[in-house]
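File shown here: upload.csv, holding CSV, C-alpha atoms.
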```csv
chain,number,residue,atom,x,y,z
C,913,MET,CA,0.0,0.0,0.0
C,914,SER,CA,1.4,3.4,-1.0
C,915,THR,CA,0.8,5.5,2.1
C,916,PRO,CA,2.9,8.0,4.0
C,917,ASN,CA,4.5,7.2,7.4
C,918,GLY,CA,2.0,9.5,8.9
C,919,PRO,CA,-0.9,11.8,7.9
C,920,SER,CA,-0.1,15.1,6.1
C,921,ASP,CA,-3.5,16.6,7.0
C,922,ILE,CA,-5.5,16.3,10.2
C,923,VAL,CA,-9.1,17.2,10.8
C,924,TRP,CA,-10.0,17.8,14.5
C,925,ASP,CA,-13.7,18.0,15.3
C,926,VAL,CA,-13.0,20.1,18.4
C,927,THR,CA,-16.6,19.9,19.7
C,928,TYR,CA,-19.9,18.3,18.9
C,929,ALA,CA,-21.7,21.4,20.3
C,930,CYS,CA,-23.5,23.4,17.5
C,931,PRO,CA,-26.3,26.0,17.2
C,932,LEU,CA,-27.4,24.5,13.9
C,933,ARG,CA,-29.2,21.2,13.0
C,934,CYS,CA,-28.0,20.5,9.5
C,935,VAL,CA,-29.9,17.7,7.8
C,936,HIS,CA,-26.7,16.1,6.4
C,937,CYS,CA,-24.5,16.6,9.5
C,938,TYR,CA,-21.6,14.1,9.3
C,939,SER,CA,-20.9,14.4,13.1
C,940,GLU,CA,-24.6,14.7,14.2
C,941,SER,CA,-23.5,17.8,16.2
C,942,GLY,CA,-26.0,19.4,18.4
C,943,ARG,CA,-27.8,16.1,18.8
C,944,ARG,CA,-25.3,14.4,21.0
C,945,PRO,CA,-22.9,15.2,23.9
C,946,ALA,CA,-20.3,17.8,23.0
C,947,ARG,CA,-17.4,15.5,24.3
C,948,GLN,CA,-15.3,18.6,24.5
C,949,LEU,CA,-12.0,18.5,26.4
C,950,ASP,CA,-10.9,21.1,28.9
C,951,HIS,CA,-8.4,23.7,27.8
C,952,ASP,CA,-5.3,21.9,29.1
C,953,GLU,CA,-6.3,18.6,27.6
C,954,MET,CA,-6.9,20.4,24.2
C,955,LEU,CA,-3.4,21.7,24.3
C,956,LYS,CA,-2.1,18.2,25.0
C,957,VAL,CA,-4.0,16.9,22.0
C,958,ALA,CA,-2.6,19.8,19.9
C,959,ASP,CA,1.0,18.7,20.9
C,960,ALA,CA,0.2,15.1,20.0
C,961,ILE,CA,-1.1,16.3,16.6
C,962,LEU,CA,2.1,18.2,16.1
C,963,SER,CA,4.1,15.1,16.6
C,964,PHE,CA,2.8,13.9,13.2
C,965,ARG,CA,4.4,17.0,11.6
C,966,PRO,CA,1.4,17.6,9.5
C,967,ARG,CA,1.1,20.1,6.6
C,968,ALA,CA,-2.2,21.4,7.9
C,969,VAL,CA,-4.7,21.0,10.7
C,970,GLU,CA,-8.4,21.7,10.1
C,971,PHE,CA,-10.6,22.7,13.1
C,972,ALA,CA,-14.2,21.5,12.5
C,973,GLY,CA,-17.1,20.2,14.5
C,974,GLY,CA,-19.7,21.1,15.5
C,975,GLU,CA,-19.0,24.8,15.7
C,976,PRO,CA,-15.4,25.3,16.7
C,977,LEU,CA,-15.9,28.9,17.6
C,978,LEU,CA,-18.1,27.9,20.5
C,979,VAL,CA,-15.0,26.5,22.3
C,980,ARG,CA,-13.5,28.9,24.8
C,981,GLY,CA,-9.8,29.4,24.3
C,982,ILE,CA,-9.9,27.9,20.8
C,983,THR,CA,-7.6,30.6,19.4
C,984,GLU,CA,-4.9,29.8,21.9
C,985,VAL,CA,-5.1,26.1,20.8
C,986,ALA,CA,-4.9,27.1,17.2
C,987,GLY,CA,-2.0,29.4,18.0
C,988,ARG,CA,-0.1,26.6,19.6
C,989,ILE,CA,-0.2,24.7,16.3
C,990,ARG,CA,0.4,27.6,14.0
C,991,GLU,CA,3.5,28.7,16.0
C,992,ALA,CA,5.0,25.3,15.1
C,993,GLY,CA,4.8,26.4,11.4
C,994,VAL,CA,1.6,24.4,10.6
C,995,ASP,CA,-1.3,25.9,8.7
C,996,VAL,CA,-4.4,25.9,10.9
C,997,ASN,CA,-7.8,26.2,9.1
C,998,VAL,CA,-11.2,26.6,10.7
C,999,TYR,CA,-14.7,25.7,9.4
C,1000,THR,CA,-17.5,27.8,10.9
C,1001,GLY,CA,-21.2,28.4,10.3
C,1002,GLY,CA,-20.6,31.9,11.4
C,1003,TRP,CA,-23.4,31.9,14.0
C,1004,THR,CA,-21.4,33.4,16.8
C,1005,LEU,CA,-19.0,35.7,14.9
C,1006,ASP,CA,-18.9,39.4,15.9
C,1007,ARG,CA,-16.3,42.0,15.2
C,1008,ARG,CA,-14.2,41.2,18.3
C,1009,SER,CA,-14.2,37.4,17.7
C,1010,ALA,CA,-13.6,37.9,14.0
C,1011,GLU,CA,-10.4,39.8,14.8
C,1012,GLU,CA,-9.2,37.0,17.1
C,1013,VAL,CA,-10.0,34.4,14.5
C,1014,THR,CA,-8.1,36.1,11.7
C,1015,ARG,CA,-5.1,36.4,13.9
C,1016,ALA,CA,-5.2,32.8,15.0
C,1017,PHE,CA,-6.1,30.9,11.9
C,1018,SER,CA,-4.3,30.7,8.5
C,1019,ARG,CA,-7.6,30.2,6.6
C,1020,ILE,CA,-11.2,30.7,7.5
C,1021,THR,CA,-14.0,28.8,5.8
C,1022,VAL,CA,-17.6,29.8,6.3
C,1023,SER,CA,-20.1,27.0,5.5
C,1024,VAL,CA,-23.0,28.3,3.2
C,1025,ASP,CA,-25.4,25.8,1.7
C,1026,GLY,CA,-27.6,28.0,-0.5
C,1027,ALA,CA,-27.9,31.3,-2.4
C,1028,ASP,CA,-30.7,32.5,-0.2
C,1029,ALA,CA,-32.2,32.1,3.3
C,1030,GLU,CA,-35.0,29.8,2.2
C,1031,VAL,CA,-32.7,27.1,0.9
C,1032,HIS,CA,-29.8,27.5,3.3
C,1033,ASP,CA,-31.9,27.7,6.5
C,1034,ARG,CA,-33.9,24.7,5.5
C,1035,ILE,CA,-30.7,22.6,5.1
C,1036,ARG,CA,-29.0,24.1,8.1
C,1037,GLY,CA,-32.1,23.6,10.3
C,1038,ARG,CA,-32.3,27.0,11.9
C,1039,ALA,CA,-33.9,30.2,10.9
C,1040,GLY,CA,-31.5,33.1,10.6
C,1041,SER,CA,-28.5,30.9,9.8
C,1042,PHE,CA,-28.1,32.4,6.3
C,1043,GLU,CA,-28.2,35.9,7.7
C,1044,ARG,CA,-25.5,35.0,10.3
C,1045,ALA,CA,-23.3,33.4,7.6
C,1046,MET,CA,-23.6,36.5,5.5
C,1047,ASN,CA,-22.7,38.7,8.5
C,1048,ALA,CA,-19.6,36.6,9.2
C,1049,LEU,CA,-18.5,36.9,5.6
C,1050,ALA,CA,-19.1,40.7,5.7
C,1051,LEU,CA,-17.0,41.0,8.9
C,1052,LEU,CA,-14.1,39.0,7.3
C,1053,ASN,CA,-14.4,41.1,4.2
C,1054,ASP,CA,-14.2,44.3,6.2
C,1055,LEU,CA,-11.1,43.1,8.1
C,1056,SER,CA,-9.5,42.1,4.9
C,1057,ARG,CA,-10.1,45.5,3.4
C,1058,GLU,CA,-8.6,47.2,6.4
C,1059,ARG,CA,-5.5,44.9,6.3
C,1060,VAL,CA,-4.9,45.6,2.7
C,1061,ALA,CA,-5.3,49.4,3.3
C,1062,ASN,CA,-2.5,49.1,5.9
C,1063,GLY,CA,-0.2,47.3,3.5
C,1064,LEU,CA,-0.8,43.8,5.0
C,1065,ASP,CA,-1.9,40.6,3.3
C,1066,PRO,CA,-5.7,40.1,3.0
C,1067,VAL,CA,-7.5,37.6,5.2
C,1068,GLU,CA,-7.6,34.1,3.6
C,1069,PHE,CA,-11.4,33.4,3.8
C,1070,GLY,CA,-14.0,31.8,1.7
C,1071,VAL,CA,-17.0,29.5,1.4
C,1072,ASP,CA,-17.6,25.8,1.5
C,1073,TYR,CA,-20.9,24.9,-0.1
C,1074,ALA,CA,-22.0,21.3,0.6
C,1075,VAL,CA,-23.8,20.3,-2.6
C,1076,LEU,CA,-27.1,18.4,-2.1
C,1077,ARG,CA,-30.0,17.9,-4.5
C,1078,SER,CA,-31.9,20.6,-2.5
C,1079,ASN,CA,-29.3,23.3,-3.4
C,1080,LEU,CA,-27.8,22.0,-6.6
C,1081,HIS,CA,-29.9,24.4,-8.6
C,1082,GLN,CA,-28.4,27.4,-6.8
C,1083,LEU,CA,-24.7,27.0,-7.6
C,1084,GLU,CA,-24.7,29.4,-10.5
C,1085,GLU,CA,-26.9,31.9,-8.6
C,1086,PHE,CA,-24.4,31.8,-5.7
C,1087,CYS,CA,-21.5,32.7,-8.0
C,1088,ARG,CA,-23.5,35.4,-9.7
C,1089,THR,CA,-25.3,37.1,-6.8
C,1090,VAL,CA,-23.7,36.1,-3.4
C,1091,ALA,CA,-20.0,35.9,-4.1
C,1092,PRO,CA,-19.8,39.5,-5.5
C,1093,ARG,CA,-21.1,40.9,-2.2
C,1094,PHE,CA,-17.7,40.2,-0.7
C,1095,PRO,CA,-14.9,41.8,-2.8
C,1096,TYR,CA,-12.2,40.2,-0.8
C,1097,LEU,CA,-13.6,36.7,-0.9
C,1098,ARG,CA,-10.7,34.4,-1.8
C,1099,PHE,CA,-12.2,31.0,-2.5
C,1100,LEU,CA,-15.4,29.2,-3.2
C,1101,THR,CA,-15.6,25.4,-3.0
C,1102,PHE,CA,-18.6,23.3,-4.1
C,1103,ALA,CA,-18.1,20.0,-2.4
C,1104,ALA,CA,-20.6,17.2,-2.8
C,1105,ALA,CA,-22.1,15.8,0.4
C,1106,VAL,CA,-21.2,12.2,1.2
C,1107,PRO,CA,-23.0,9.5,3.1
C,1108,SER,CA,-21.5,10.0,6.5
C,1109,GLY,CA,-23.3,10.5,9.8
C,1110,LEU,CA,-26.9,11.7,9.3
C,1111,ALA,CA,-26.3,11.7,5.5
C,1112,SER,CA,-25.8,8.0,5.6
C,1113,ARG,CA,-29.2,7.2,7.1
C,1114,GLN,CA,-31.7,5.0,5.3
C,1115,GLY,CA,-33.3,6.7,2.3
C,1116,PHE,CA,-31.2,9.9,2.5
C,1117,ALA,CA,-28.9,9.0,-0.5
C,1118,ASP,CA,-31.9,8.6,-2.8
C,1119,HIS,CA,-33.5,11.8,-1.4
C,1120,GLU,CA,-30.6,14.2,-1.2
C,1121,LEU,CA,-27.2,13.0,-2.2
C,1122,LEU,CA,-26.0,13.4,-5.8
C,1123,GLY,CA,-25.8,10.3,-7.9
C,1124,PHE,CA,-22.5,9.3,-9.5
C,1125,ASP,CA,-23.5,10.7,-12.9
C,1126,GLU,CA,-24.4,14.0,-11.2
C,1127,LEU,CA,-21.0,14.0,-9.4
C,1128,ARG,CA,-19.2,13.6,-12.7
C,1129,THR,CA,-21.1,16.6,-14.0
C,1130,LEU,CA,-20.4,18.7,-10.9
C,1131,VAL,CA,-16.6,18.3,-11.3
C,1132,SER,CA,-16.5,18.4,-15.1
C,1133,GLY,CA,-14.2,21.0,-16.6
C,1134,GLU,CA,-17.1,22.5,-18.6
C,1135,HIS,CA,-19.2,23.0,-15.5
C,1136,VAL,CA,-16.4,24.3,-13.3
C,1137,GLU,CA,-15.4,26.8,-16.0
C,1138,ARG,CA,-19.0,28.0,-16.2
C,1139,LEU,CA,-19.1,28.6,-12.4
C,1140,ARG,CA,-15.8,30.5,-12.6
C,1141,ALA,CA,-17.1,32.7,-15.4
C,1142,LEU,CA,-20.0,33.7,-13.3
C,1143,ALA,CA,-18.0,34.4,-10.1
C,1144,PRO,CA,-15.8,37.4,-9.6
C,1145,ARG,CA,-12.4,36.9,-11.3
C,1146,SER,CA,-10.6,37.3,-7.9
C,1147,VAL,CA,-12.4,34.2,-6.4
C,1148,GLN,CA,-10.8,30.8,-6.8
C,1149,VAL,CA,-13.7,28.5,-7.7
C,1150,ALA,CA,-13.4,24.7,-7.3
C,1151,ALA,CA,-15.7,21.7,-7.2
C,1152,SER,CA,-15.1,18.3,-5.5
C,1153,ASP,CA,-17.0,15.0,-5.7
C,1154,ASN,CA,-15.4,14.0,-2.4
C,1155,MET,CA,-15.1,10.4,-3.8
C,1156,VAL,CA,-11.6,10.1,-2.2
C,1157,LEU,CA,-13.4,10.0,1.2
C,1158,MET,CA,-14.9,6.7,0.3
C,1159,MET,CA,-11.5,5.1,0.8
C,1160,HIS,CA,-12.2,2.4,-1.8
C,1161,PRO,CA,-9.8,-0.5,-1.4
C,1162,ASN,CA,-8.5,-0.1,-4.9
C,1163,ALA,CA,-7.7,3.5,-4.4
C,1164,LEU,CA,-6.0,2.9,-1.1
C,1165,ARG,CA,-3.8,0.2,-2.6
C,1166,ARG,CA,-2.7,2.6,-5.3
C,1167,TYR,CA,-2.6,6.0,-3.6
C,1168,GLY,CA,-2.8,5.5,0.2
C,1169,PHE,CA,-4.7,8.1,2.2
C,1170,PRO,CA,-3.1,11.1,3.9
C,1171,LEU,CA,-5.9,12.3,6.2
C,1172,LEU,CA,-6.5,11.6,9.9
C,1173,GLN,CA,-9.6,12.6,11.8
C,1174,VAL,CA,-9.6,13.3,15.6
C,1175,GLU,CA,-12.8,13.4,17.6
C,1176,PRO,CA,-13.4,16.1,20.3
C,1177,ASP,CA,-12.1,14.0,23.2
C,1178,GLY,CA,-8.9,13.1,21.4
C,1179,GLU,CA,-10.1,9.7,20.1
C,1180,VAL,CA,-8.7,8.9,16.7
C,1181,ARG,CA,-11.0,7.6,13.9
C,1182,ALA,CA,-9.7,4.8,11.8
C,1183,MET,CA,-11.4,6.2,8.7
C,1184,PRO,CA,-12.6,9.8,8.7
C,1185,ILE,CA,-16.2,9.5,7.5
C,1186,TYR,CA,-16.9,6.2,9.2
C,1187,GLU,CA,-17.5,5.4,12.9
C,1188,GLY,CA,-14.9,3.4,14.9
C,1189,THR,CA,-11.8,4.7,16.8
C,1190,VAL,CA,-8.4,3.2,17.4
C,1191,GLY,CA,-7.3,4.9,20.6
C,1192,SER,CA,-6.7,8.3,22.2
C,1193,LEU,CA,-4.1,10.9,21.6
C,1194,LEU,CA,-4.3,11.8,25.3
C,1195,THR,CA,-3.0,8.4,26.4
C,1196,GLU,CA,-1.3,6.6,23.5
C,1197,ASP,CA,1.5,7.0,21.1
C,1198,PRO,CA,0.3,8.9,18.0
C,1199,GLY,CA,2.4,6.8,15.6
C,1200,THR,CA,0.8,3.6,17.0
C,1201,LEU,CA,-2.6,5.0,16.5
C,1202,TRP,CA,-1.8,5.8,12.8
C,1203,GLU,CA,-0.6,2.2,12.4
C,1204,ARG,CA,-3.9,0.9,13.8
C,1205,ALA,CA,-5.8,3.2,11.5
C,1206,VAL,CA,-3.9,1.9,8.4
C,1207,GLU,CA,-4.6,-1.7,9.5
C,1208,ARG,CA,-8.3,-1.0,9.7
C,1209,TRP,CA,-8.4,0.0,6.0
C,1210,SER,CA,-7.8,-3.6,5.0
C,1211,HIS,CA,-10.1,-5.2,7.5
C,1212,PRO,CA,-12.4,-7.8,5.7
C,1213,VAL,CA,-15.6,-6.0,6.7
C,1214,VAL,CA,-14.3,-2.7,5.2
C,1215,VAL,CA,-12.9,-4.3,2.0
C,1216,GLU,CA,-16.1,-6.3,1.4
C,1217,ALA,CA,-18.5,-3.4,2.1
C,1218,LEU,CA,-16.6,-0.8,0.0
C,1219,SER,CA,-15.7,-3.1,-2.9
C,1220,ALA,CA,-19.4,-3.6,-3.5
C,1221,VAL,CA,-20.2,0.1,-4.0
C,1222,ARG,CA,-21.6,0.9,-7.5
C,1223,SER,CA,-23.9,3.8,-6.6
C,1224,MET,CA,-24.5,6.4,-3.9
C,1225,SER,CA,-27.1,4.2,-2.3
C,1226,ASP,CA,-24.5,1.4,-2.2
C,1227,TRP,CA,-22.1,3.8,-0.5
C,1228,ALA,CA,-24.6,4.7,2.1
C,1229,GLU,CA,-25.3,1.1,2.8
C,1230,ALA,CA,-21.6,0.4,3.1
C,1231,THR,CA,-21.3,3.3,5.6
C,1232,ARG,CA,-24.1,1.9,7.7
C,1233,ARG,CA,-22.5,-1.6,7.7
C,1234,ILE,CA,-19.0,-0.2,8.7
C,1235,ASP,CA,-20.5,2.1,11.4
C,1236,TYR,CA,-22.5,-0.7,12.9
C,1237,HIS,CA,-19.6,-3.1,13.0
C,1238,PHE,CA,-17.0,-0.8,14.4
C,1239,GLY,CA,-19.1,1.7,16.4
C,1240,THR,CA,-19.7,1.4,20.1
C,1241,ASP,CA,-23.1,0.5,21.6
C,1242,GLU,CA,-23.7,4.2,22.0
C,1243,VAL,CA,-23.0,4.8,18.3
C,1244,ARG,CA,-25.4,2.0,17.3
C,1245,ARG,CA,-28.1,3.4,19.5
C,1246,ARG,CA,-27.6,6.8,17.9
C,1247,ILE,CA,-27.8,5.3,14.4
C,1248,ASP,CA,-31.1,3.6,15.4
C,1249,ARG,CA,-32.5,7.0,16.6
C,1250,ARG,CA,-31.8,8.8,13.4
C,1251,PRO,CA,-34.8,10.7,11.9
C,1252,SER,CA,-36.4,10.1,8.5
C,1253,PRO,CA,-34.6,11.6,5.6
C,1254,VAL,CA,-37.3,14.1,4.8
C,1255,LEU,CA,-36.1,17.7,5.1
C,1256,LEU,CA,-37.8,19.3,8.1
C,1257,PRO,CA,-39.2,22.9,7.9
C,1258,VAL,CA,-37.2,25.6,9.6
C,1259,PRO,CA,-38.8,26.7,12.9
C,1260,SER,CA,-40.6,30.1,12.4
C,1261,ALA,CA,-39.3,31.4,15.7
C,1262,VAL,CA,-36.0,30.5,17.2
C,1263,ALA,CA,-34.3,32.0,20.3
C,1264,ARG,CA,-31.4,34.1,19.2
```

Can you give me the file's structure in the form of structure tokens?
Amino acid sequence: MSTPNGPSDIVWDVTYACPLRCVHCYSESGRRPARQLDHDEMLKVADAILSFRPRAVEFAGGEPLLVRGITEVAGRIREAGVDVNVYTGGWTLDRRSAEEVTRAFSRITVSVDGADAEVHDRIRGRAGSFERAMNALALLNDLSRERVANGLDPVEFGVDYAVLRSNLHQLEEFCRTVAPRFPYLRFLTFAAAVPSGLASRQGFADHELLGFDELRTLVSGEHVERLRALAPRSVQVAASDNMVLMMHPNALRRYGFPLLQVEPDGEVRAMPIYEGTVGSLLTEDPGTLWERAVERWSHPVVVEALSAVRSMSDWAEATRRIDYHFGTDEVRRRIDRRPSPVLLPVPSAVAR
């Protein structure tokens, strides 16, 4: 297997707390215990992550900006010369916190899943979430403009748009009407949702996830060039089918896999989008955990489940099989409690 001695990129879901209730949430954040470490333990996990000498660390969740002292944790990693990126829904961002975030992180990605509030809020499960995301982008845009005026580099910020059937029709509109609102926006990524967490539940693939033919269209050169032509020329527009996250046995044998995912409490996942951990960065040697993760990739259950994938529905079924086999009893109970795949209406009144 062609795989590096350690991961080059690490995703750390620093908390499962979240103000949103996204219908496709990979981590089911906001619906389960936050499992968030205290500050000193987070710094210890950060040091363990640094022992891998990664190229970049992504802070995700949940909502990372809910974690007190998160900028200090990010600073610990960045001071070691590692890029530290954060994904946020923008719900909590104000001027003061935006200034802290731009100082602490190398790159800031705001998740926006529609070109208007009706579509975005329905997918994100909370009224007002589109408005909050637009406010976050406006704050980052203002800070970037001020930095450029003072002779400094602009803020590296942009948008990650999780592509579902519910919002596929708005990709061009987003490029044409939303992206131009923020002149200092640096990047815009349209990344297909994959069958992980809530997005793997029975029926969701047929209802919301793009089929393999649609994925090929999403990332085709003609389609991406069309999106680039509609967006401001200063914005780097990209599209991803996220098929690499399947970790198909044939692809692993040929290319390996450079990504490691860490859960909020320091537990290391064997495979990023699938349930099942191999130990904790708080108590075990990081190199040993990576070796266990690599071993899991060739486990008979994994190989058999993923080798049979021929469609998105197959992939979702393989995910459920892997999650049930390697997940804990608590994970299996959570899988059994998952709601039906029908998109729920956004509450008309939500406490702010």

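Distance check against Arg1036 of chain C using all atoms listed in the file: of C:Ala1182, C:Ala1016, C:Pro1092, C:Val1024, the minimum falls on C:Val1024.
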
Using only C-alpha atoms, find the one residue out of C:Leu962, C:Val1090, C:Ala1228, C:Ile1020 that sits nearest to Ala1143 of chain C.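 When distances to Ala1143 of chain C are compared using only C-alpha atoms, the smallest one comes from C:Val1090.
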
Just want the 6 Å neighbourhood of segment 918-934 of chain C, counted on all atoms listed in the file, with same-chain residues fewer than 6 positions away dropped. Output as a list of chain:residue names.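 Contacts, with the query itself left out: C:Ser941, C:Gly942, C:Ala946, C:Gln948, C:Pro966, C:Arg967, C:Ala968, C:Val969, C:Glu970, C:Phe971, C:Ala972, C:Gly973, C:Gly974, C:Glu975, C:Pro976, C:Ile1035, C:Arg1036, C:Gly1037, C:Arg1038, C:Pro1170, C:Leu1171, C:Leu1172, C:Gln1173, C:Val1174, C:Glu1175, C:Pro1176.
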
Can you tell me how far atom CA of Asn1154 of chain C sits from atom CA of Arg944 of chain C, in Å to one decimal?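 Distance between the two atoms: 25.4 Å.
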
Which distance in Å separates atom CA of Val1075 of chain C and atom CA of Glu1242 of chain C, to one decimal?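 Between these atoms lies a distance of 29.4 Å.
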
Segment 984-1027 of chain C near segment 1081-1085 of chain C within 10 Å: what's each residue's closest atom pair and its distance in Å to one decimal, counting only C-alpha atoms, ordered by chain then ascending residue number, as JSON lines?
```
{"residue": "C:Asp1025", "atom": "CA", "partner": "C:Gln1082", "partner_atom": "CA", "distance": 9.2}
{"residue": "C:Gly1026", "atom": "CA", "partner": "C:Gln1082", "partner_atom": "CA", "distance": 6.4}
{"residue": "C:Ala1027", "atom": "CA", "partner": "C:Gln1082", "partner_atom": "CA", "distance": 5.9}
```

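Closest approach to Glu1011 of chain C among C:Leu1055, C:Ala1141, C:Leu1122, C:Ala1039: C:Leu1055, based on all atoms listed in the file.
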
For atom CA of Gly1002 of chain C and atom CA of Leu1051 of chain C, determine how far apart the two atoms are, in Å to one decimal place. 10.1 Å

For Gly1239 of chain C, which of C:Val1190, C:Val1215, C:Cys1087, C:Ala1074 is the closest residue, counting only C-alpha atoms?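 That would be C:Val1190, the residue with the smallest distance to Gly1239 of chain C.
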
Close residues, segment 1200-1204 of chain C itself excluded, 10 Å, all atoms listed in the file, min 4 positions apart in chain, as a list in words: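 The residues satisfying every condition are Asn917, Gly918, Pro919, Phe964, Leu1172, Glu1179, Val1180, Arg1181, Ala1182, Thr1189, Val1190, Gly1191, Ser1192, Leu1193, Glu1196, Arg1208 and Trp1209 of chain C.
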
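Counting all atoms listed in the file, the residue from C:Ser1018, C:Ser1056, C:Asn1062, C:Ser1108 that sits nearest to Met1183 of chain C is C:Ser1108.
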
So which residues touch Pro1161 of chain C within 12 Å, counting all atoms listed in the file, skipping near sequence neighbours fewer than 6 positions away, as a PDB file with C-alpha atoms, in the frame of the given file?
```pdb
ATOM      1  CA  MET C 913       0.000   0.000   0.000  1.00  0.00           C
ATOM      2  CA  SER C 914       1.400   3.400  -1.000  1.00  0.00           C
ATOM      3  CA  TYR C1167      -2.600   6.000  -3.600  1.00  0.00           C
ATOM      4  CA  GLY C1168      -2.800   5.500   0.200  1.00  0.00           C
ATOM      5  CA  PHE C1169      -4.700   8.100   2.200  1.00  0.00           C
ATOM      6  CA  VAL C1206      -3.900   1.900   8.400  1.00  0.00           C
ATOM      7  CA  ARG C1208      -8.300  -1.000   9.700  1.00  0.00           C
ATOM      8  CA  TRP C1209      -8.400   0.000   6.000  1.00  0.00           C
ATOM      9  CA  SER C1210      -7.800  -3.600   5.000  1.00  0.00           C
ATOM     10  CA  HIS C1211     -10.100  -5.200   7.500  1.00  0.00           C
ATOM     11  CA  PRO C1212     -12.400  -7.800   5.700  1.00  0.00           C
ATOM     12  CA  VAL C1213     -15.600  -6.000   6.700  1.00  0.00           C
ATOM     13  CA  VAL C1214     -14.300  -2.700   5.200  1.00  0.00           C
ATOM     14  CA  VAL C1215     -12.900  -4.300   2.000  1.00  0.00           C
ATOM     15  CA  GLU C1216     -16.100  -6.300   1.400  1.00  0.00           C
ATOM     16  CA  ALA C1217     -18.500  -3.400   2.100  1.00  0.00           C
ATOM     17  CA  LEU C1218     -16.600  -0.800   0.000  1.00  0.00           C
ATOM     18  CA  SER C1219     -15.700  -3.100  -2.900  1.00  0.00           C
ATOM     19  CA  ALA C1220     -19.400  -3.600  -3.500  1.00  0.00           C
ATOM     20  CA  VAL C1221     -20.200   0.100  -4.000  1.00  0.00           C
TER      21      VAL C1221
END
```

Using all atoms listed in the file, which of C:Ala1091, C:Val1013, C:Val985, C:Leu1080 sits nearest Arg1145 of chain C?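 Of C:Ala1091, C:Val1013, C:Val985, C:Leu1080, the one nearest Arg1145 of chain C is C:Ala1091, counting all atoms listed in the file.
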
Please provide as a PyMOL selection string all residues within 8 Å of Ile989 of chain C, with the sequence filter that same-chain residues fewer than 4 positions apart are discarded (counting all atoms listed in the file). chain C and resi 958-959+962+985+993-996

Just want the 10 Å neighbourhood of Trp1003 of chain C, counted on only C-alpha atoms, with same-chain residues fewer than 3 positions away dropped. Output as a ChimeraX atom specification. /C:930-932,975,977-978,1000,1006,1022,1040-1048,1264
